[in-house]
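Asks: Would you mind keeping the following structure in view while I ask a few things?
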Amino acid sequence: MSWFSLFMVWFAVVVGAVFASEIPILFDDKTKLLLGRIGPPSKKVIQEFEQAGMKGIRYHEVTDAERAKIGAALASLPDLQQRILFEHLDRLSFLDGMPGEGTALTAPSGNVGSYSITLRASIIDESLSDFLTAKERRLFSAVKDGPEVTVTAEGQNALPFILLHESTHVVDNSFGIRRGLSHPLIVHIWKGSHDLKDPHSSSLVASTGFRGQSKIPVDHAQSIYDAMEKSPFVSLYSTAAASEDIAELVAWYHEGQYFNAGVVIEISTAQGKTIKRYKPLEFPRVVERYEAVKKLLSMPSSAMAKSD
């Protein structure tokens, strides 16, 4: 090889390394169209957040790097959620200034049958483990030298999970899943949008802040998760409402099946010694619900059109 050929090889490697990060990521047409719906939220959405006590929130203009992450998250959604968003998503927005407890809002938009999804901007770069751990720990009050609750979802990011959860709300609304309370996912669990059937209504899983209750001393956490292990709920947040139960179950099912998310809830001592570990995706009564989730995710467009 001549010195000129060696120089050209070196030049190509250097130039490639410099400009590789500037090469746009290619998404399919559906994903590109959904990315085109990123924009400022409506005044009504801002008012809803402000009425919930979130002052000083502001629209976050996504960077090119963030847009790539959002596109990847949208592309990872199941086909049903992608189709529903393609037909019903009016606006996807990200906000700065939202506290950690305010993560997302899916709401009807100005056009009939369309919806907006508004997310906390910092979720774009947040790990799923950090997101879930913070969410669970808010349920418990600290006890001196007491245990600690930690959730791990190794290698997973929060954004794909949150987008799947929120897009499943749009699926729920479009198909009217919970409207008649007869769908297989909810008929044996819910008697109303927020009312649980027995024995779930009297279970310890219904005693947390997600059901409007006070914080629980963290040294009682094991009894709560022991009860959840025997329940059909994949998370404590699932108990908040029938709509959240559906969204949580679908999101976790997809995370487990397609991202191999080995979600673990761990209770440990103040010194870091494990007291007990839980794997919600393997809870027997949760697994029993997977067949209904699979049927939901395989619903054809024709069925969707009849339900709108």
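Labeling convention for the structure tokens: chains A, B, ... as they appear, residues from 1 per chain, ligands from 1 in order of appearance.
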Can you pull out every residue within 9 Å of Val293 (chain A), counting only C-alpha atoms, but drop anything in the same chain fewer than 3 positions away, and send it as a PyMOL selection string?

Replies: chain A and resi 185+246+249-250+253+289-290+296-298

Asks: For Val151 (chain A), work out the shell of residues within 10 Å, counting only C-alpha atoms and skipping chain neighbours fewer than 3 positions away, then give it as number ranges by chain.

Replies: A: 128-137, 154, 263-267, 277-279

Asks: In terms of the shortest atom-to-atom distance over only C-alpha atoms, which of A:Ala75, A:Ile275, A:Leu33, A:Ala206 is closest to Tyr237 (chain A)?

Replies: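 Result for the nearest residue to Tyr237 (chain A): A:Ala206.
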
Asks: Could you tell me which of A:Arg37, A:Arg211, A:Lys191, A:Lys69 comes closest to Tyr115 (chain A) if we count only C-alpha atoms?

Replies: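 Closest to Tyr115 (chain A) of all the choices is A:Arg37.
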
Asks: In terms of the shortest atom-to-atom distance over only C-alpha atoms, which of A:Ala121, A:Ala142, A:Val45, A:Val171 is closest to Phe86 (chain A)?

Replies: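 Of all the options, A:Val171 lies closest to Phe86 (chain A).
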
Asks: Taking the backbone alone, and naming residues the way the document does, which bits of region 227-289 of chain A are alpha helix (DSSP H) by DSSP, as a list of chain:residue names?

Replies: A:Ala227, A:Met228, A:Glu229, A:Ala242, A:Ser243, A:Glu244, A:Asp245, A:Ile246, A:Ala247, A:Glu248, A:Leu249, A:Val250, A:Ala251, A:Trp252, A:Tyr253, A:His254, A:Glu255, A:Gly256, A:Gln257, A:Tyr258, A:Pro284, A:Arg285, A:Val286, A:Val287

Asks: Pick out the residues sitting within 6 Å of Glu126 (chain A), and hand them over as an MDAnalysis selection string; count only C-alpha atoms, and ignore anything fewer than 2 positions along from it in its own chain.

Replies: chainID A and resid 123:124 158

Asks: Excluding His220 (chain A) and residues on its chain fewer than 4 positions from it, collect all residues at most 9 Å away from it, counting only C-alpha atoms, and give them as a PyMOL selection string.

Replies: chain A and resi 140+216+224

Asks: Selection from above, N, CA and C atoms, as an mmCIF file, in the first residue's frame, can you write it?

Replies:
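Okay, this is what ended up in again.cif:
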data_model
loop_
_atom_site.group_PDB
_atom_site.id
_atom_site.type_symbol
_atom_site.label_atom_id
_atom_site.label_comp_id
_atom_site.auth_asym_id
_atom_site.auth_seq_id
_atom_site.Cartn_x
_atom_site.Cartn_y
_atom_site.Cartn_z
ATOM 1 N N PHE A 140 -43.261 5.774 51.752
ATOM 2 C CA PHE A 140 -42.858 5.377 53.100
ATOM 3 C C PHE A 140 -42.202 6.526 53.866
ATOM 4 N N ILE A 216 -46.518 5.252 55.006
ATOM 5 C CA ILE A 216 -46.395 4.080 55.861
ATOM 6 C C ILE A 216 -44.975 4.019 56.405
ATOM 7 N N ILE A 224 -46.320 -4.928 53.082
ATOM 8 C CA ILE A 224 -46.994 -4.389 51.897
ATOM 9 C C ILE A 224 -46.612 -5.205 50.664
#

Asks: Pick out the residues sitting within 7 Å of His88 (chain A), and hand them over as an mmCIF file with C-alpha atoms, in the first residue's frame; count only C-alpha atoms, and ignore anything fewer than 4 positions along from it in its own chain.

Replies:
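New file around.cif:
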data_model
loop_
_atom_site.group_PDB
_atom_site.id
_atom_site.type_symbol
_atom_site.label_atom_id
_atom_site.label_comp_id
_atom_site.auth_asym_id
_atom_site.auth_seq_id
_atom_site.Cartn_x
_atom_site.Cartn_y
_atom_site.Cartn_z
ATOM 1 C CA ILE A 84 -52.928 4.652 18.261
ATOM 2 C CA GLY A 113 -60.681 11.912 19.874
ATOM 3 C CA SER A 114 -57.159 13.327 20.080
ATOM 4 C CA TYR A 115 -54.810 13.543 23.048
#

Asks: Could you tell me which of A:Ile57, A:Leu34, A:Leu139, A:Ala242 comes closest to Leu74 (chain A) if we count only C-alpha atoms?

Replies: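 Ranked by minimum distance to Leu74 (chain A), first place goes to A:Leu34.
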
Asks: Between A:Gly56, A:Gly97, A:Pro40, A:Pro184, which is the closest to Thr118 (chain A) once you count only C-alpha atoms?

Replies: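 The answer is A:Pro40, which sits nearest to Thr118 (chain A).
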
Asks: As a list in words, please: the residues near Met98 (chain A) (cut-off 8 Å, only C-alpha atoms, same-chain neighbours under 4 positions excluded).

Replies: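 In the requested format, the answer is Met54, Ile57, Gly102, Thr103 and Arg120 of chain A.
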
Asks: For Leu85 (chain A), which residue out of A:Gly53, A:Gln257, A:Thr106, A:Phe161 is the nearest one, using only C-alpha atoms?

Replies: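 That would be A:Thr106, the residue with the smallest distance to Leu85 (chain A).
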
Asks: Using Å and a single decimal, report how far CA of Ala251 (chain A) sits from CA of Thr168 (chain A).

Replies: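 CA of Thr168 (chain A) sits 7.8 Å away from CA of Ala251 (chain A).
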